[in-house]
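Undergrad: Sharing a structure here in C-alpha cells format.
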Amino acid sequence: MHRRCGWCVSFLLLGTTVAVADAPKPPDPPSNLVEEYWESVQLDGVKVGTVHTTVQAVDGDGGKRLRTTVALDLMFKRHNATVQLRMGRGDEETADGSVAAVFMRQYQGQEKKLDLAGTLEDGRMHVRIDGGRIDRRLRWGDDVVGVHRLEHFFQDHKPKPGDRLTLPIYQPTLNAVVPTQVLVKDA
C-alpha cells in the first residue's frame with residue numbers, strides 16, 4: 001500500500017514538473033514598445049478586471065508617432081451569469097503631442113460590438129463608427145490632450161495647489177471633445 005502511494009506521489013510530482021516545463025512562455029514585448037502599465041480594477045474590494053496601457057512607436061504620416069492603447073477588461077457576475085466587458089481605446093500622437101488619430105473597440109464577451117476609428121483631416125477629426133454607419137467630422141484643435149500626453153501632463157507641467165486647468169480631452173464613448181476641468185489641491 002505504501003509503495004503504491006509513493007508511486008502516485010511520484011507521478012503527481014513528475015506530472016506537475018512536466019506541466020510547468022511545457023508551459024508556454026509569454027510573448028516577448030514588441031520591439032517598438034516605449035511604455036507599459038498594468039492596473040487592477042476593484043469593486044467593493046474585489047478584483048473585477050485590469051487596465052493595460054501600452055505606448056508604441058509607429059510610423060505615420062509625417063514621421064514617428066506614439067500609439068497609446070488603453071485596454072480595459074472586466075468580468076462581472078449578474079444573476080448567476082458571468083459577463084465579460086472589454087474595451088480598447090487610444091490615439092496616435094505626433095512628436096509635438098498633437099493627436100493625429102483616435103480609435104476605440106468595445107466587446108461583450110468575444111464578440112465585437114462597436115468599432116470607432118478617426119483620422120485628422122484638414123483640421124477636423126473624421127470619425128467613422130462601425131465602418132461608416134455613423135460618419136462625423138469633429139471640430140479639432142492642437143490643444144486636444146491625447147492619452148499619452150495626459151499620462152505625463154502633471155509631471156511635465158508641475159501644477160501647484162490652487163491651480164485651475166481646463167483640458168480638452170477626446171472621449172470616444174461620447175464621440176466628442178470634452179473640456180475637463182481640473183482643480184489642483186494640497187497633498
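Each chain in the C-alpha cells gets a letter, A, B, ..., in the order shown, and its residues are numbered from 1; ligands are numbered from 1 in order too.
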Find the spatial neighbours of Val58 of chain A, counting only C-alpha atoms, within a cut-off of 10 Å - ignore same-chain residues fewer than 6 positions away - and output them as a list in words.
TA: Asn32, Leu33, Lys64, Arg65, Leu66, Arg67, Glu92, Glu93 and Thr94 of chain A
Undergrad: Within 12 Å of Glu121 of chain A, counting only C-alpha atoms, which residues show up once you throw out same-chain ones fewer than 6 positions away? Write them as a PyMOL selection string, please.
TA: chain A and resi 61+99-101+127+136-141
Undergrad: Next, write the just-selected residues to a file, as a compact mmCIF listing (two decimals), in the first residue's frame, keeping all heavy atoms as the atom set.
TA:
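Written output follows (selection.txt):
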```
# COMPACT_ATOMS: atom_id res chain seq x y z
N ASP A 61 1.97 59.32 -41.04
CA ASP A 61 2.15 60.44 -41.96
C ASP A 61 2.97 61.52 -41.27
O ASP A 61 2.63 61.98 -40.19
CB ASP A 61 0.80 61.02 -42.38
CG ASP A 61 -0.05 60.04 -43.17
OD1 ASP A 61 0.55 59.10 -43.75
OD2 ASP A 61 -1.28 60.20 -43.20
N VAL A 99 -2.76 65.21 -31.43
CA VAL A 99 -3.48 63.97 -31.72
C VAL A 99 -3.77 63.91 -33.22
O VAL A 99 -4.38 64.81 -33.78
CB VAL A 99 -4.80 63.89 -30.92
CG1 VAL A 99 -5.57 62.63 -31.27
CG2 VAL A 99 -4.51 63.94 -29.42
N ALA A 100 -3.32 62.82 -33.87
CA ALA A 100 -3.50 62.66 -35.31
C ALA A 100 -4.53 61.59 -35.66
O ALA A 100 -5.05 61.58 -36.78
CB ALA A 100 -2.16 62.30 -35.96
N ALA A 101 -4.85 60.70 -34.73
CA ALA A 101 -5.82 59.63 -34.98
C ALA A 101 -6.37 59.15 -33.64
O ALA A 101 -5.70 59.24 -32.61
CB ALA A 101 -5.18 58.47 -35.73
N VAL A 127 -14.36 60.87 -37.97
CA VAL A 127 -14.62 59.68 -37.18
C VAL A 127 -15.68 58.82 -37.87
O VAL A 127 -16.76 59.32 -38.22
CB VAL A 127 -15.10 60.04 -35.75
CG1 VAL A 127 -15.38 58.79 -34.94
CG2 VAL A 127 -14.06 60.91 -35.06
N ARG A 136 -18.80 61.25 -38.90
CA ARG A 136 -18.82 62.63 -38.41
C ARG A 136 -17.45 63.28 -38.54
O ARG A 136 -16.43 62.60 -38.46
CB ARG A 136 -19.23 62.67 -36.94
CG ARG A 136 -20.64 62.20 -36.72
CD ARG A 136 -21.31 62.97 -35.62
NE ARG A 136 -22.71 62.61 -35.55
CZ ARG A 136 -23.25 61.87 -34.61
NH1 ARG A 136 -22.51 61.41 -33.64
NH2 ARG A 136 -24.53 61.60 -34.63
N ARG A 137 -17.46 64.58 -38.69
CA ARG A 137 -16.24 65.37 -38.68
C ARG A 137 -16.34 66.33 -37.49
O ARG A 137 -17.21 67.19 -37.47
CB ARG A 137 -16.08 66.12 -40.00
CG ARG A 137 -15.66 65.19 -41.12
CD ARG A 137 -15.66 65.87 -42.47
NE ARG A 137 -15.15 65.01 -43.51
CZ ARG A 137 -15.81 63.98 -44.06
NH1 ARG A 137 -17.01 63.68 -43.63
NH2 ARG A 137 -15.27 63.26 -45.02
N LEU A 138 -15.45 66.12 -36.53
CA LEU A 138 -15.49 66.90 -35.29
C LEU A 138 -14.52 68.08 -35.35
O LEU A 138 -13.42 67.95 -35.89
CB LEU A 138 -15.09 66.01 -34.11
CG LEU A 138 -15.89 64.71 -33.93
CD1 LEU A 138 -15.28 63.89 -32.80
CD2 LEU A 138 -17.35 65.00 -33.65
N ARG A 139 -14.93 69.21 -34.77
CA ARG A 139 -14.00 70.33 -34.61
C ARG A 139 -12.83 69.85 -33.77
O ARG A 139 -13.02 69.15 -32.78
CB ARG A 139 -14.68 71.51 -33.93
CG ARG A 139 -15.47 72.33 -34.88
CD ARG A 139 -15.97 73.59 -34.22
NE ARG A 139 -17.42 73.50 -34.26
CZ ARG A 139 -18.25 73.95 -33.35
NH1 ARG A 139 -17.79 74.57 -32.31
NH2 ARG A 139 -19.53 73.82 -33.49
N TRP A 140 -11.64 70.23 -34.17
CA TRP A 140 -10.44 69.71 -33.51
C TRP A 140 -9.41 70.81 -33.41
O TRP A 140 -9.27 71.63 -34.31
CB TRP A 140 -9.87 68.55 -34.31
CG TRP A 140 -9.06 67.61 -33.50
CD1 TRP A 140 -7.69 67.62 -33.38
CD2 TRP A 140 -9.53 66.55 -32.70
NE1 TRP A 140 -7.30 66.60 -32.55
CE2 TRP A 140 -8.41 65.93 -32.11
CE3 TRP A 140 -10.80 66.04 -32.41
CZ2 TRP A 140 -8.51 64.84 -31.27
CZ3 TRP A 140 -10.90 64.96 -31.57
CH2 TRP A 140 -9.78 64.37 -31.00
N GLY A 141 -8.68 70.86 -32.33
CA GLY A 141 -7.61 71.85 -32.17
C GLY A 141 -6.31 71.17 -31.75
O GLY A 141 -6.32 70.03 -31.27
```
Undergrad: Mind checking which residues fall within 8 Å of Val51 of chain A, counting only C-alpha atoms, ignoring those fewer than 4 positions away in the same chain, and posting them as a list in words?
TA: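 Once the adjacent positions are removed, what remains is Trp38, Glu39, Ser40, Val41, Val70, Ala71, Leu72 and Asp73 of chain A.
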Undergrad: So that I can see what lies close to Asp115 of chain A, please list as a PDB file with C-alpha atoms, in the first residue's frame the residues with an atom at most 7 Å from it, counting only C-alpha atoms and leaving out residues fewer than 6 positions away in the same chain.
TA:
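Generated output (out-v1.pdb):
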```pdb
ATOM      1  CA  MET A 104     -11.987  52.521 -29.831  1.00  0.00           C
ATOM      2  CA  ARG A 105     -13.326  48.969 -29.876  1.00  0.00           C
ATOM      3  CA  GLN A 106     -15.947  47.651 -27.472  1.00  0.00           C
ATOM      4  CA  ILE A 129     -18.220  54.198 -36.374  1.00  0.00           C
ATOM      5  CA  ASP A 130     -18.774  50.610 -37.500  1.00  0.00           C
TER       6      ASP A 130
END
```
Undergrad: What is the distance, in Å and to one decimal place, between atom CA of Gln171 of chain A and atom CA of Thr69 of chain A?
TA: 13.7 Å
Undergrad: Using the chain letters and numbers from this document, which residues of segment 42-105 of chain A does DSSP assign to strand (DSSP E or B), as a PyMOL selection string?
TA: chain A and resi 42-43+46-60+63-78+81-93+99-105
Undergrad: Please determine, counting only C-alpha atoms, which residue among A:Asp186, A:Asp96, A:Asp59, A:Asp163 has the shortest atom-to-atom distance to Arg149 of chain A.
TA: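 Checking each of A:Asp186, A:Asp96, A:Asp59, A:Asp163 against Arg149 of chain A, counting only C-alpha atoms, the winner is A:Asp96.
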